[in-house]
Every structure is written in C-alpha cells, then in structure tokens.
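Structure data follow from entry.txt (compact mmCIF, C-alpha atoms):
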# COMPACT_ATOMS: atom_id res chain seq x y z
CA MET A 30 3.85 17.31 -12.67
CA ALA A 31 2.97 14.60 -15.17
CA HIS A 32 3.28 10.99 -14.14
CA ASP A 33 3.90 8.34 -16.79
CA VAL A 34 1.16 5.81 -16.09
CA ALA A 35 3.08 3.19 -18.06
CA ALA A 36 5.87 3.33 -15.45
CA GLY A 37 3.45 1.84 -12.93
CA PRO A 38 3.69 1.84 -9.13
CA HIS A 39 6.75 1.62 -6.93
CA ARG A 40 8.55 -1.68 -7.48
CA GLY A 41 10.00 -3.76 -4.71
CA ARG A 42 9.52 -3.96 -0.95
CA LEU A 43 8.79 -0.92 1.20
CA ALA A 44 8.67 -1.14 4.99
CA ILE A 45 6.93 1.46 7.16
CA ARG A 46 7.69 1.38 10.89
CA ASN A 47 6.87 3.33 14.05
CA LEU A 48 3.35 4.41 13.14
CA GLY A 49 1.60 6.09 16.03
CA LEU A 50 -1.94 5.49 14.74
CA VAL A 51 -3.46 3.61 11.79
CA LEU A 52 -6.78 4.87 10.42
CA SER A 53 -8.18 2.13 8.19
CA GLY A 54 -10.91 4.01 6.27
CA ASP A 55 -13.36 1.22 7.17
CA LEU A 56 -16.32 2.28 9.34
CA ASP A 57 -16.59 -1.23 10.79
CA ALA A 58 -13.03 -1.05 12.17
CA PRO A 59 -11.73 2.52 11.74
CA LEU A 60 -8.66 2.04 13.98
CA LEU A 61 -6.19 -0.78 13.49
CA ASP A 62 -3.93 -2.25 16.16
CA ALA A 63 -0.77 -1.83 14.10
CA ASP A 64 2.45 0.14 13.92
CA ALA A 65 3.93 -1.18 10.67
CA ILE A 66 2.98 -1.78 7.05
CA LEU A 67 4.73 -3.80 4.35
CA VAL A 68 4.22 -2.68 0.75
CA VAL A 69 5.19 -4.84 -2.22
CA ASP A 70 5.09 -3.47 -5.76
CA GLY A 71 2.91 -0.54 -4.78
CA ARG A 72 0.26 -2.51 -2.90
CA ILE A 73 -0.21 -3.31 0.77
CA SER A 74 1.10 -6.76 1.58
CA ALA A 75 0.69 -6.83 5.36
CA ILE A 76 -0.31 -4.63 8.32
CA GLY A 77 0.37 -5.28 11.97
CA LYS A 78 2.96 -5.00 14.70
CA ALA A 79 6.51 -4.70 13.42
CA GLY A 80 7.61 -7.69 15.46
CA ASP A 81 5.02 -9.87 13.77
CA LEU A 82 5.79 -8.86 10.17
CA ASP A 83 8.60 -9.84 7.83
CA LEU A 84 10.01 -6.40 7.09
CA ASP A 85 13.53 -7.53 6.28
CA GLY A 86 14.96 -7.05 2.82
CA ALA A 87 13.01 -3.90 2.03
CA GLU A 88 14.65 -1.69 -0.60
CA MET A 89 13.17 1.35 1.14
CA GLU A 90 12.27 1.90 4.78
CA ILE A 91 10.26 4.74 6.27
CA ASP A 92 10.40 5.64 9.95
CA ALA A 93 7.04 7.27 10.63
CA LYS A 94 8.38 8.84 13.84
CA GLY A 95 5.03 8.29 15.53
CA SER A 96 2.95 9.90 12.77
CA ALA A 97 -0.55 8.64 12.08
CA ILE A 98 -1.40 7.18 8.69
CA CYS A 99 -4.68 7.09 6.79
CA PRO A 100 -5.71 6.01 3.29
CA GLY A 101 -5.27 8.61 0.58
CA LEU A 102 -8.30 10.90 0.71
CA ILE A 103 -10.86 10.72 -2.09
CA ASP A 104 -12.62 13.84 -3.35
CA SER A 105 -16.03 12.48 -4.33
CA HIS A 106 -17.00 15.62 -6.25
CA CYS A 107 -14.75 17.87 -8.32
CA HIS A 108 -14.82 19.61 -11.70
CA PRO A 109 -11.57 19.14 -13.64
CA VAL A 110 -11.18 20.18 -17.27
CA PHE A 111 -7.85 19.35 -18.89
CA GLY A 112 -4.47 19.04 -17.22
CA ASP A 113 -3.75 20.68 -13.90
CA TRP A 114 -5.53 23.91 -14.87
CA THR A 115 -8.98 25.26 -14.10
CA PRO A 116 -10.57 27.99 -16.22
CA ARG A 117 -13.07 28.55 -13.40
CA GLN A 118 -10.38 30.42 -11.45
CA ASN A 119 -7.71 30.50 -14.16
CA GLN A 120 -5.48 28.64 -11.75
CA LEU A 121 -2.63 26.25 -12.43
CA GLY A 122 -1.58 23.40 -10.15
CA TRP A 123 -4.83 22.95 -8.22
CA ILE A 124 -4.72 19.15 -8.36
CA GLU A 125 -1.09 19.05 -7.24
CA MET A 126 -1.99 21.28 -4.31
CA GLY A 127 -4.88 18.94 -3.53
CA VAL A 128 -2.34 16.13 -3.20
CA ASN A 129 -0.60 18.35 -0.67
CA GLY A 130 -3.96 18.36 1.12
CA GLY A 131 -3.95 14.56 1.24
CA VAL A 132 -6.20 13.89 -1.77
CA THR A 133 -4.90 11.04 -3.92
CA THR A 134 -8.06 10.27 -5.94
CA LEU A 135 -10.55 12.73 -7.44
CA VAL A 136 -13.90 11.87 -9.06
CA SER A 137 -15.23 14.24 -11.70
CA ALA A 138 -18.84 15.41 -11.45
CA GLY A 139 -18.60 16.86 -14.96
CA GLU A 140 -16.05 18.83 -16.97
CA VAL A 141 -18.46 21.77 -17.00
CA HIS A 142 -16.00 24.66 -16.73
CA LEU A 143 -14.49 24.15 -20.17
CA PRO A 144 -14.95 27.40 -22.13
CA GLY A 145 -17.43 26.80 -24.94
CA ARG A 146 -18.39 23.39 -23.53
CA PRO A 147 -20.34 21.50 -26.23
CA LYS A 148 -23.91 20.46 -25.45
CA ASP A 149 -24.78 18.42 -28.54
CA ALA A 150 -24.55 14.65 -28.28
CA VAL A 151 -21.46 14.27 -30.45
CA GLY A 152 -19.60 17.02 -28.61
CA VAL A 153 -20.61 15.81 -25.14
CA LYS A 154 -19.47 12.27 -25.92
CA ALA A 155 -16.21 13.52 -27.41
CA LEU A 156 -15.49 15.73 -24.38
CA ALA A 157 -16.18 12.95 -21.89
CA ILE A 158 -14.07 10.38 -23.72
CA THR A 159 -11.22 12.86 -24.23
CA ALA A 160 -11.22 13.92 -20.57
CA GLN A 161 -11.23 10.33 -19.41
CA ARG A 162 -8.42 9.27 -21.72
CA CYS A 163 -6.30 12.34 -20.94
CA PHE A 164 -6.41 11.75 -17.21
CA GLN A 165 -5.63 8.07 -17.68
CA ASN A 166 -2.33 9.26 -19.15
CA PHE A 167 -1.72 12.33 -16.98
CA ARG A 168 -1.56 12.20 -13.20
CA PRO A 169 -0.65 15.53 -11.58
CA ALA A 170 1.64 14.76 -8.63
CA GLY A 171 0.49 11.15 -9.06
CA ALA A 172 -3.19 11.94 -8.39
CA LYS A 173 -5.75 9.55 -9.87
CA VAL A 174 -8.42 11.64 -11.59
CA ILE A 175 -11.53 9.65 -12.55
CA ALA A 176 -12.73 11.96 -15.31
CA GLY A 177 -15.13 11.79 -18.25
CA ALA A 178 -18.53 12.67 -16.74
CA PRO A 179 -20.94 13.74 -19.52
CA VAL A 180 -23.70 16.15 -18.50
CA PRO A 181 -27.15 14.94 -19.67
CA GLU A 182 -29.23 17.06 -22.05
CA LEU A 183 -32.91 16.71 -22.90
CA ASP A 184 -32.40 15.75 -26.53
CA PHE A 185 -30.21 12.74 -25.71
CA GLY A 186 -31.86 9.38 -26.38
CA ARG A 187 -30.93 6.09 -24.75
CA GLU A 188 -28.50 5.39 -27.56
CA VAL A 189 -26.24 8.23 -26.38
CA TYR A 190 -25.79 6.55 -23.00
CA GLU A 191 -25.31 3.18 -24.68
CA GLU A 192 -22.47 4.66 -26.75
CA LEU A 193 -20.92 6.28 -23.69
CA LYS A 194 -20.97 2.98 -21.82
CA ALA A 195 -19.48 1.15 -24.81
CA SER A 196 -16.71 3.76 -24.93
CA GLY A 197 -15.65 3.03 -21.35
CA ILE A 198 -17.40 5.88 -19.53
CA ARG A 199 -18.29 4.78 -15.99
CA HIS A 200 -20.54 7.57 -14.70
CA ILE A 201 -22.47 10.60 -15.91
CA GLY A 202 -22.03 14.19 -14.80
CA GLU A 203 -24.43 15.95 -12.49
CA ILE A 204 -28.04 15.85 -13.59
CA GLY A 205 -29.14 19.47 -13.24
CA LEU A 206 -26.09 21.13 -14.76
CA GLY A 207 -27.61 20.71 -18.22
CA THR A 208 -31.18 20.80 -19.47
CA VAL A 209 -32.11 17.55 -17.71
CA ALA A 210 -33.03 18.68 -14.21
CA LYS A 211 -36.58 18.03 -13.09
CA GLY A 212 -38.08 14.81 -11.76
CA PRO A 213 -39.59 12.98 -14.77
CA ASP A 214 -36.68 13.80 -17.11
CA ALA A 215 -34.12 12.97 -14.47
CA LYS A 216 -35.83 9.67 -13.67
CA ARG A 217 -35.75 8.65 -17.32
CA VAL A 218 -31.99 9.25 -17.51
CA VAL A 219 -31.30 7.55 -14.16
CA ASP A 220 -33.31 4.50 -15.26
CA TRP A 221 -31.39 4.26 -18.52
CA CYS A 222 -28.08 4.59 -16.70
CA ARG A 223 -29.02 1.95 -14.16
CA GLU A 224 -30.00 -0.48 -16.92
CA LEU A 225 -26.68 0.15 -18.69
CA GLY A 226 -24.44 0.08 -15.62
CA LEU A 227 -23.60 3.81 -15.64
CA GLU A 228 -23.45 5.51 -12.25
CA SER A 229 -25.80 8.49 -11.92
CA ILE A 230 -25.29 11.58 -9.79
CA MET A 231 -27.67 14.50 -9.30
CA HIS A 232 -27.16 18.14 -8.35
CA THR A 233 -29.12 19.22 -5.28
CA GLY A 234 -30.05 22.81 -4.40
CA GLY A 235 -29.92 26.14 -6.18
CA PRO A 236 -28.11 26.82 -9.47
CA SER A 237 -24.32 26.80 -9.21
CA ILE A 238 -23.37 28.32 -12.57
CA ALA A 239 -25.23 30.04 -15.37
CA GLY A 240 -27.31 27.48 -17.23
CA SER A 241 -27.68 25.10 -14.29
CA HIS A 242 -30.97 24.57 -12.49
CA PHE A 243 -32.65 24.41 -9.11
CA VAL A 244 -33.11 20.77 -8.11
CA ASN A 245 -35.37 20.18 -5.14
CA ARG A 246 -36.28 17.33 -2.84
CA ASP A 247 -39.12 16.11 -5.04
CA ASP A 248 -36.89 15.97 -8.12
CA VAL A 249 -34.34 13.83 -6.29
CA LEU A 250 -36.92 11.50 -4.77
CA GLU A 251 -38.55 10.90 -8.14
CA ALA A 252 -35.25 10.26 -9.93
CA GLN A 253 -33.51 8.29 -7.16
CA PRO A 254 -29.92 8.75 -8.44
CA ASP A 255 -27.01 6.65 -7.22
CA VAL A 256 -25.47 9.71 -5.54
CA VAL A 257 -27.34 12.73 -4.16
CA SER A 258 -24.64 15.24 -4.97
CA HIS A 259 -23.91 18.01 -2.46
CA ILE A 260 -27.02 17.46 -0.38
CA ASN A 261 -25.83 20.53 1.55
CA GLY A 262 -26.02 22.70 -1.57
CA GLY A 263 -23.64 23.51 -4.33
CA PRO A 264 -23.46 26.15 -2.92
CA THR A 265 -27.12 27.01 -2.13
CA SER A 266 -28.90 24.51 0.10
CA ILE A 267 -32.43 23.19 0.05
CA ALA A 268 -34.44 23.55 3.29
CA HIS A 269 -33.14 21.61 6.26
CA ALA A 270 -36.41 19.70 6.59
CA HIS A 271 -35.98 18.58 2.99
CA ILE A 272 -32.41 17.45 3.67
CA ARG A 273 -33.72 15.32 6.50
CA GLU A 274 -36.36 13.83 4.22
CA LEU A 275 -33.74 12.96 1.59
CA CYS A 276 -31.60 11.27 4.23
CA GLU A 277 -34.61 9.12 5.10
CA LYS A 278 -36.03 8.40 1.65
CA ALA A 279 -33.34 8.84 -1.02
CA LYS A 280 -31.88 5.46 -1.94
CA GLY A 281 -28.55 6.74 -3.21
CA ALA A 282 -25.46 7.87 -1.32
CA LEU A 283 -25.60 11.23 0.46
CA GLU A 284 -22.77 13.60 -0.38
CA VAL A 285 -21.68 16.71 1.54
CA VAL A 286 -19.16 19.14 0.05
CA HIS A 287 -16.82 21.84 1.21
CA ASN A 288 -18.22 24.40 -1.22
CA GLY A 289 -21.75 23.93 0.10
CA ASN A 290 -23.64 25.21 3.12
CA GLU A 291 -21.73 24.18 6.24
CA ARG A 292 -24.75 24.31 8.53
CA SER A 293 -26.64 22.10 6.10
CA ALA A 294 -23.75 19.63 6.11
CA LEU A 295 -24.16 19.27 9.87
CA VAL A 296 -27.91 18.76 9.42
CA ALA A 297 -27.18 16.04 6.86
CA LEU A 298 -24.76 14.33 9.25
CA GLU A 299 -27.32 14.40 12.05
CA ALA A 300 -30.07 13.07 9.79
CA ALA A 301 -27.85 10.36 8.33
CA LEU A 302 -26.93 9.19 11.83
CA GLU A 303 -30.59 9.16 12.89
CA ALA A 304 -31.45 7.10 9.80
CA GLY A 305 -28.58 4.67 10.41
CA ARG A 306 -26.96 5.73 7.14
CA LEU A 307 -23.48 6.90 8.11
CA ALA A 308 -22.05 4.36 5.64
CA ASP A 309 -23.86 6.24 2.84
CA LEU A 310 -22.36 9.64 3.70
CA LEU A 311 -19.57 10.86 1.40
CA ILE A 312 -17.28 13.90 1.39
CA GLY A 313 -16.31 15.98 -1.64
CA THR A 314 -15.23 19.54 -2.34
CA ASP A 315 -17.21 20.66 -5.44
CA ALA A 316 -14.06 22.51 -6.47
CA PRO A 317 -13.04 24.37 -8.53
CA ALA A 318 -16.01 26.66 -7.99
CA GLY A 319 -16.90 30.29 -7.53
CA SER A 320 -15.50 30.21 -4.02
CA GLY A 321 -12.18 29.02 -5.39
CA VAL A 322 -9.99 25.97 -5.04
CA GLN A 323 -9.39 24.55 -1.57
CA PRO A 324 -6.45 22.14 -1.32
CA ASN A 325 -7.48 21.36 2.26
CA GLY A 326 -11.18 21.13 1.45
CA VAL A 327 -11.58 17.45 2.29
CA LEU A 328 -9.60 17.83 5.52
CA ARG A 329 -11.72 20.84 6.43
CA MET A 330 -14.91 18.80 5.98
CA ILE A 331 -13.53 15.99 8.14
CA THR A 332 -12.66 18.56 10.80
CA LEU A 333 -16.07 20.27 10.55
CA LEU A 334 -18.07 17.07 10.93
CA SER A 335 -15.94 15.96 13.86
CA SER A 336 -15.48 19.21 15.79
CA LEU A 337 -18.96 20.67 15.28
CA GLY A 338 -20.92 17.55 14.34
CA GLY A 339 -19.58 15.38 17.13
CA LEU A 340 -18.59 12.52 14.84
CA PRO A 341 -15.62 10.53 16.14
CA VAL A 342 -12.57 11.59 14.15
CA GLU A 343 -11.70 8.08 13.03
CA GLN A 344 -15.19 7.72 11.58
CA ALA A 345 -15.06 11.13 9.91
CA PHE A 346 -12.00 10.02 7.94
CA CYS A 347 -14.00 7.05 6.61
CA LEU A 348 -16.43 9.43 4.88
CA ALA A 349 -13.60 10.60 2.62
CA THR A 350 -11.96 7.21 2.13
CA GLY A 351 -13.68 3.84 2.47
CA ASN A 352 -17.24 5.15 2.09
CA VAL A 353 -16.43 6.86 -1.20
CA ALA A 354 -14.42 3.92 -2.51
CA ARG A 355 -17.17 1.41 -1.78
CA THR A 356 -20.00 3.55 -3.13
CA ARG A 357 -18.18 4.68 -6.26
CA ARG A 358 -16.45 1.35 -6.88
CA LEU A 359 -12.89 2.59 -6.63
CA ASP A 360 -9.68 0.66 -6.03
CA ALA A 361 -8.72 2.95 -3.15
CA GLY A 362 -9.78 4.20 0.25
CA LEU A 363 -8.72 1.44 2.65
CA ILE A 364 -5.62 0.39 4.51
CA ALA A 365 -5.99 -3.33 3.99
CA ALA A 366 -3.98 -6.10 2.39
CA GLY A 367 -4.16 -5.98 -1.38
CA MET A 368 -5.10 -2.31 -1.61
CA PRO A 369 -2.95 0.33 -3.33
CA ALA A 370 -0.34 1.97 -1.13
CA ASP A 371 -2.03 5.38 -1.20
CA PHE A 372 -1.13 6.86 2.19
CA VAL A 373 -1.28 10.15 4.04
CA PHE A 374 1.11 10.49 6.99
CA LEU A 375 -0.35 13.10 9.32
CA ASP A 376 -0.35 14.39 12.86
CA LYS A 377 -1.74 17.18 14.95
CA PRO A 378 -0.50 20.57 13.74
CA GLN A 379 2.36 22.06 15.69
CA HIS A 380 1.22 23.82 18.89
CA SER A 381 -2.33 22.47 18.73
CA ALA A 382 -4.13 22.33 22.06
CA GLY A 383 -4.94 18.70 21.27
CA LYS A 384 -2.66 16.05 22.73
CA ASP A 385 -2.70 13.99 19.52
CA LEU A 386 -4.20 13.89 16.03
CA LEU A 387 -7.65 12.70 17.11
CA GLU A 388 -8.05 15.28 19.84
CA ALA A 389 -6.68 18.10 17.68
CA VAL A 390 -9.20 17.40 14.92
CA SER A 391 -12.02 17.11 17.46
CA PHE A 392 -10.99 20.58 18.67
CA GLY A 393 -11.33 21.92 15.11
CA ASP A 394 -7.66 22.01 14.09
CA ILE A 395 -6.78 20.93 10.55
CA PRO A 396 -4.15 18.16 10.65
CA GLY A 397 -0.65 18.68 9.42
CA ILE A 398 0.60 16.38 6.66
CA GLY A 399 4.17 15.08 6.75
CA MET A 400 4.11 12.92 3.61
CA VAL A 401 1.78 11.69 0.86
CA MET A 402 2.40 8.44 -0.99
CA ILE A 403 0.54 7.16 -4.07
CA ASP A 404 1.05 3.58 -5.27
CA GLY A 405 4.06 3.36 -2.97
CA LEU A 406 5.74 6.43 -4.51
CA ILE A 407 6.43 9.47 -2.32
CA ARG A 408 4.62 12.43 -3.87
CA THR A 409 5.13 15.09 -1.18
CA GLY A 410 7.13 15.53 1.95
CA ARG A 411 5.86 18.11 4.40
CA SER A 412 2.75 19.59 2.86
CA ARG A 413 2.67 23.02 1.26
CA SER A 414 -1.05 23.24 2.04
CA THR A 415 -1.49 22.26 5.68
CA PRO A 416 0.02 23.69 8.85
CA PRO A 417 3.26 21.93 9.85
CA SER A 418 2.64 18.48 11.32
CA ASN A 419 3.99 17.81 14.78
CA THR A 420 5.86 14.78 13.45
CA ALA A 421 6.91 13.75 9.96
CA PRO A 422 8.25 10.48 8.55
CA VAL A 423 11.84 10.02 7.47
CA VAL A 424 13.12 7.86 4.62
CA LEU A 425 15.90 5.67 5.97
CA GLY A 426 17.08 3.89 2.87
CA HIS A 427 16.32 3.30 -0.77
Mind converting the file's structure to structure tokens?
Amino acid sequence: MAHDVAAGPHRGRLAIRNLGLVLSGDLDAPLLDADAILVVDGRISAIGKAGDLDLDGAEMEIDAKGSAICPGLIDSHCHPVFGDWTPRQNQLGWIEMGVNGGVTTLVSAGEVHLPGRPKDAVGVKALAITAQRCFQNFRPAGAKVIAGAPVPELDFGREVYEELKASGIRHIGEIGLGTVAKGPDAKRVVDWCRELGLESIMHTGGPSIAGSHFVNRDDVLEAQPDVVSHINGGPTSIAHAHIRELCEKAKGALEVVHNGNERSALVALEAALEAGRLADLLIGTDAPAGSGVQPNGVLRMITLLSSLGGLPVEQAFCLATGNVARTRRLDAGLIAAGMPADFVFLDKPQHSAGKDLLEAVSFGDIPGIGMVMIDGLIRTGRSRSTPPSNTAPVVLGH
C-alpha cells in the first residue's frame, strides 16, 4: 500500500507499556533495563521503567503484553525496481511482506532487475534519480526504501559521479554488476566516490546474474570499498580462507546476506569476531534474487548467526539494526531517545522449546512478530510472514 510521505509520522503522544524485553540495536548496550517507551510525533521521547516516565495524556496506548521490542530491521542489501513489484520473480507485494518480516528500512544495492536496464551514462543517471525520487514518494506498508544506486560502467568518467552526487544520489550500486569489476578499475571508481562523498559497495564472489562478474579477494583489497557486499557470496562464495583474509584486511564493512552461502556466513562471523570487527558486520538479504523473495530473510540470518554461530541473540539483532544504521548513515536502527519510532514487537513462536525469545532464537526458531510500527504508525498486527508469536501487543486507546 502507498503511504503519503507528506502526511508525515504519527502525531501526538503514544505510550507503550508492559514490554518484556527491550533490544536496543546498539552493540555496546544491546539490552535495556526498561519496560516502557514514550513516543511523541513519531519519534522516541523516553525509554525506561513505566513508573519513572510521564506516560499520562497519551492519545494512544499499547499494552505489549510482555512482548519484546527491537528497532525496525534494516535490509542492508536488496534490489528493488519500481513500486512493490519485482520483475526478477514477477512478484507483487514483496516489500510489504518484508515489513511483515520486521524490515522497516531497505537499502538498494542497484536497480539491476529492470527489464532493458540502460547502461549508458544518461540512462544510468536517469534510472537512479527516478528510482530514488519514486521511493521518496512511495512507501509500501510504510517501508523506507533507500533507492537510486547506479551501477558503474567502464566508460563513465568522474563527471558522471559528480553529477550523481549533485542530483542527491547517496551511494552507488554494486561494483561488479556492470563492466567495472576488477581491482584497478574498481579502485578508480571507489576513489572518485570517496572524494565526492558517495558510498561505494562491491559485489563479492561469483556472478549473480548474466552480465555480472566474478570479484575475488584481490579485487576487493585493491579497491577497498566502503561495504564488502555479500562477503558470503551472492550467491556463490569465494574460498573461506579468502573470506578470513578480507575480514582482516578489508577496511570497509563486512556484509552477509540470506541469499548467499550460509556456511560462508558463519565463517565470516567467526573471522569478524577474531578480528574484533563485530561492529563492522552487517546483515542483508540480496533479494529479490534467483532463489526468490524471503520476507523473513533478515530474521533467518539473525537466527542462523545465533543458533549455529554462537552469537548472543541480542548482539545478532544489532547486525541488522544499529550496525547497518551507523555504517550506512541512516536515521534508524536504534531504540534511543530522538530516534524514529520504528519498532518490531516480537516473541518466541508459539510452542517453541525455548522459554523466551532469546532462548528460542538461540535454538534456531524464527521469532513470531505481533506488530510492526514505522514512525509511530502501526503497519501490521500479527505478521503474515512469521509463525504466530507467543504474545502480541494490544492497542488500548486512540
């Protein structure tokens, strides 16, 4: 469903009570000692114990019924085109279903699935600007899609990137999906982007679609992009020893995706931990892709890294919230005063062997979602994507 951006966030005071667990999205303090949140005009005003907050006079009150809450999840790597449709799978409503999977912000890695996608400079600039402007005005189920990611081509000079920056483009699409792929060419583009203030991201691994290229460890280390996209392959992985080397020597953020190699994602987690770089590890989906669209893709990655990788659940959630927001400079990803009220209310799925959300996820169970809120507006009740949550919040008044 379209959301009129001009209408803005929820207006007024919103009180949330009886939270069973608050996941902050911040690796430095992933769990907060709180059971209530006050939202004013779509942004978090205060967090703490209900008895210590001024929750009176709220136009709307939500009883969380013991549910946990986390920041809206951020998909660090997706491939939108126009609207809530993907030609890759000829599927409608994939972004809306992602919101049902807890994703409230999506970052485009390139609008590469558009049939007949232009590859000349004028066409690439036009596509990026159009995609960005369209998603500024269209928010499926309220989702914030950060689109307009032009894919670099060999015949683009520095002036192309200057014009993109001047037009409001914030980051380029994956190096490697166009004719720019190998080390020296990639480094030239990354250097230009860094000088201009454009974020650079770089495909890693085997080709993903016809026309894309194999990008290896040496290419990435020479280019040194801001984000090493799908270090676990998209979908075909580089060698595990090379993943470990990138985790040690690549200066950019390290991204693992659902549509990559799961074993390689666990290797990347292990290597990032050994290198003291957990704060640089990000989660994305790389959807839509040949393996389809996965509304629960981010949740599945959180569950994978926790249950099989041994990462504490509260830290795993940070890889899809605060880590992404900080690295990609987004106004999202944290439960903290002043941040947007993008929330996921969740719990263990019904009949899980885990006693609570954290234990259920550590056992490998995907959480159940009881509500998703974006900018203080309720966008879903019980999710149509996840298993039923053991508890779900209730709106008491509005």
Segment 181-189 of chain A surroundings by only C-alpha atoms, 7 Å radius, close-in-sequence under 6 positions cut, as a VMD selection string: chain A and resid 150 204 207 to 209 221
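The environment of Gly212 of chain A within 6 Å, counting all atoms listed in the file and disregarding residues fewer than 6 places along the same chain, consists of A:Asp248, A:Glu251, A:Ala252.
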Considering all atoms listed in the file, return as a PDB file with C-alpha atoms, in the frame of the given file whatever protein or nucleic-acid residues lie within 8 Å of segment 402-412 of chain A, sequence-local ones (same chain, fewer than 5 positions apart) excluded.
ATOM      1  CA  PRO A  38       3.690   1.840  -9.130  1.00  0.00           C
ATOM      2  CA  HIS A  39       6.750   1.620  -6.930  1.00  0.00           C
ATOM      3  CA  LEU A  43       8.790  -0.920   1.200  1.00  0.00           C
ATOM      4  CA  VAL A  68       4.220  -2.680   0.750  1.00  0.00           C
ATOM      5  CA  ASP A  70       5.090  -3.470  -5.760  1.00  0.00           C
ATOM      6  CA  GLY A  71       2.910  -0.540  -4.780  1.00  0.00           C
ATOM      7  CA  ARG A  72       0.260  -2.510  -2.900  1.00  0.00           C
ATOM      8  CA  GLY A 101      -5.270   8.610   0.580  1.00  0.00           C
ATOM      9  CA  VAL A 128      -2.340  16.130  -3.200  1.00  0.00           C
ATOM     10  CA  ASN A 129      -0.600  18.350  -0.670  1.00  0.00           C
ATOM     11  CA  GLY A 130      -3.960  18.360   1.120  1.00  0.00           C
ATOM     12  CA  THR A 133      -4.900  11.040  -3.920  1.00  0.00           C
ATOM     13  CA  ALA A 170       1.640  14.760  -8.630  1.00  0.00           C
ATOM     14  CA  GLY A 171       0.490  11.150  -9.060  1.00  0.00           C
ATOM     15  CA  ALA A 172      -3.190  11.940  -8.390  1.00  0.00           C
ATOM     16  CA  PRO A 369      -2.950   0.330  -3.330  1.00  0.00           C
ATOM     17  CA  ALA A 370      -0.340   1.970  -1.130  1.00  0.00           C
ATOM     18  CA  ASP A 371      -2.030   5.380  -1.200  1.00  0.00           C
ATOM     19  CA  PHE A 372      -1.130   6.860   2.190  1.00  0.00           C
ATOM     20  CA  VAL A 373      -1.280  10.150   4.040  1.00  0.00           C
ATOM     21  CA  GLY A 397      -0.650  18.680   9.420  1.00  0.00           C
ATOM     22  CA  PRO A 417       3.260  21.930   9.850  1.00  0.00           C
ATOM     23  CA  SER A 418       2.640  18.480  11.320  1.00  0.00           C
ATOM     24  CA  ALA A 421       6.910  13.750   9.960  1.00  0.00           C
TER      25      ALA A 421
END
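For the pair atom CA of Gly177 of chain A and atom CA of Phe243 of chain A, the separation is 23.4 Å.
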Nearby residues (only C-alpha atoms) at most 8 Å from Ser258 of chain A, same-chain spacing under 3 positions excluded, as number ranges by chain: A: 106, 203, 230-233, 283-285
Restricting the output to C-alpha atoms, write the selected residues as a PDB file, in the frame of the given file.
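As a result, again_31.pdb now contains:
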ATOM      1  CA  HIS A 106     -17.000  15.620  -6.250  1.00  0.00           C
ATOM      2  CA  GLU A 203     -24.430  15.950 -12.490  1.00  0.00           C
ATOM      3  CA  ILE A 230     -25.290  11.580  -9.790  1.00  0.00           C
ATOM      4  CA  MET A 231     -27.670  14.500  -9.300  1.00  0.00           C
ATOM      5  CA  HIS A 232     -27.160  18.140  -8.350  1.00  0.00           C
ATOM      6  CA  THR A 233     -29.120  19.220  -5.280  1.00  0.00           C
ATOM      7  CA  LEU A 283     -25.600  11.230   0.460  1.00  0.00           C
ATOM      8  CA  GLU A 284     -22.770  13.600  -0.380  1.00  0.00           C
ATOM      9  CA  VAL A 285     -21.680  16.710   1.540  1.00  0.00           C
TER      10      VAL A 285
END
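Excluding Phe111 of chain A itself and any same-chain residue fewer than 3 positions from it, the protein and nucleic acid residues within 8 Å of it, counting only C-alpha atoms, are A:Trp114, A:Thr115, A:Ala160, A:Cys163, A:Phe164.
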Can those selected residues be exported to a file as a PDB file, in the frame of the given file so that it contains C-alpha atoms?
ATOM      1  CA  TRP A 114      -5.530  23.910 -14.870  1.00  0.00           C
ATOM      2  CA  THR A 115      -8.980  25.260 -14.100  1.00  0.00           C
ATOM      3  CA  ALA A 160     -11.220  13.920 -20.570  1.00  0.00           C
ATOM      4  CA  CYS A 163      -6.300  12.340 -20.940  1.00  0.00           C
ATOM      5  CA  PHE A 164      -6.410  11.750 -17.210  1.00  0.00           C
TER       6      PHE A 164
END
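Between atom CA of Val174 of chain A and atom CA of Val219 of chain A there is a distance of 23.4 Å.
The spacing separating atom CA of Glu125 of chain A from atom CA of Ala138 of chain A amounts to 18.6 Å.
Using all atoms listed in the file, the shortest contact distance between Val180 of chain A and any of A:Gln165, A:Thr265, A:Ser293, A:Ser241 is found at A:Ser241.
When all atoms listed in the file are used to measure the gap to Asn47 of chain A, the shortest distance among A:Ile98, A:Leu302, A:Cys347, A:Cys222 belongs to A:Ile98.
Among A:Leu386, A:Ile103, A:Ile198, A:Leu250, the residue with the shortest atom-to-atom distance to Thr356 of chain A, counting all atoms listed in the file, is A:Ile103.
Proximity to Glu303 of chain A was assessed for A:Glu277, A:Glu140, A:Asp64, A:Glu191 counting all atoms listed in the file; the smallest distance is recorded for A:Glu277.
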Selected residue of minimal separation from Leu310 of chain A among A:Thr159, A:Ser381, A:Asn261, A:Asn288, counting only C-alpha atoms: A:Asn261
Pick from A:Thr332, A:Ser229, A:Ser391, A:Asn325 nearest to Pro416 of chain A, counting all atoms listed in the file: A:Asn325
Got a sec to write segment 238-249 of chain A of the block to a file, N, CA and C atoms, as a CSV table (one decimal), in the first residue's frame?
chain,number,residue,atom,x,y,z
A,238,ILE,N,24.0,-12.7,-11.8
A,238,ILE,CA,23.1,-12.6,-13.0
A,238,ILE,C,23.9,-12.5,-14.3
A,239,ALA,N,23.3,-12.8,-15.4
A,239,ALA,CA,24.0,-12.6,-16.7
A,239,ALA,C,24.6,-11.2,-16.8
A,240,GLY,N,25.9,-11.1,-17.2
A,240,GLY,CA,26.4,-9.8,-17.3
A,240,GLY,C,27.2,-9.3,-16.1
A,241,SER,N,27.0,-10.0,-15.0
A,241,SER,CA,27.8,-9.6,-13.8
A,241,SER,C,29.1,-10.4,-13.8
A,242,HIS,N,30.0,-10.2,-12.8
A,242,HIS,CA,31.4,-10.7,-12.9
A,242,HIS,C,31.8,-11.4,-11.6
A,243,PHE,N,32.8,-12.2,-11.7
A,243,PHE,CA,33.5,-12.8,-10.6
A,243,PHE,C,34.4,-11.7,-10.0
A,244,VAL,N,34.2,-11.4,-8.7
A,244,VAL,CA,35.0,-10.5,-7.9
A,244,VAL,C,35.7,-11.2,-6.8
A,245,ASN,N,37.0,-11.2,-6.8
A,245,ASN,CA,37.7,-12.0,-5.8
A,245,ASN,C,38.3,-11.2,-4.7
A,246,ARG,N,39.0,-11.9,-3.9
A,246,ARG,CA,39.7,-11.2,-2.7
A,246,ARG,C,40.6,-10.1,-3.1
A,247,ASP,N,41.4,-10.3,-4.1
A,247,ASP,CA,42.4,-9.3,-4.6
A,247,ASP,C,41.7,-8.1,-5.1
A,248,ASP,N,40.6,-8.3,-5.9
A,248,ASP,CA,39.9,-7.1,-6.4
A,248,ASP,C,39.4,-6.2,-5.2
A,249,VAL,N,38.8,-6.9,-4.2
A,249,VAL,CA,38.3,-6.1,-3.1
A,249,VAL,C,39.4,-5.4,-2.3
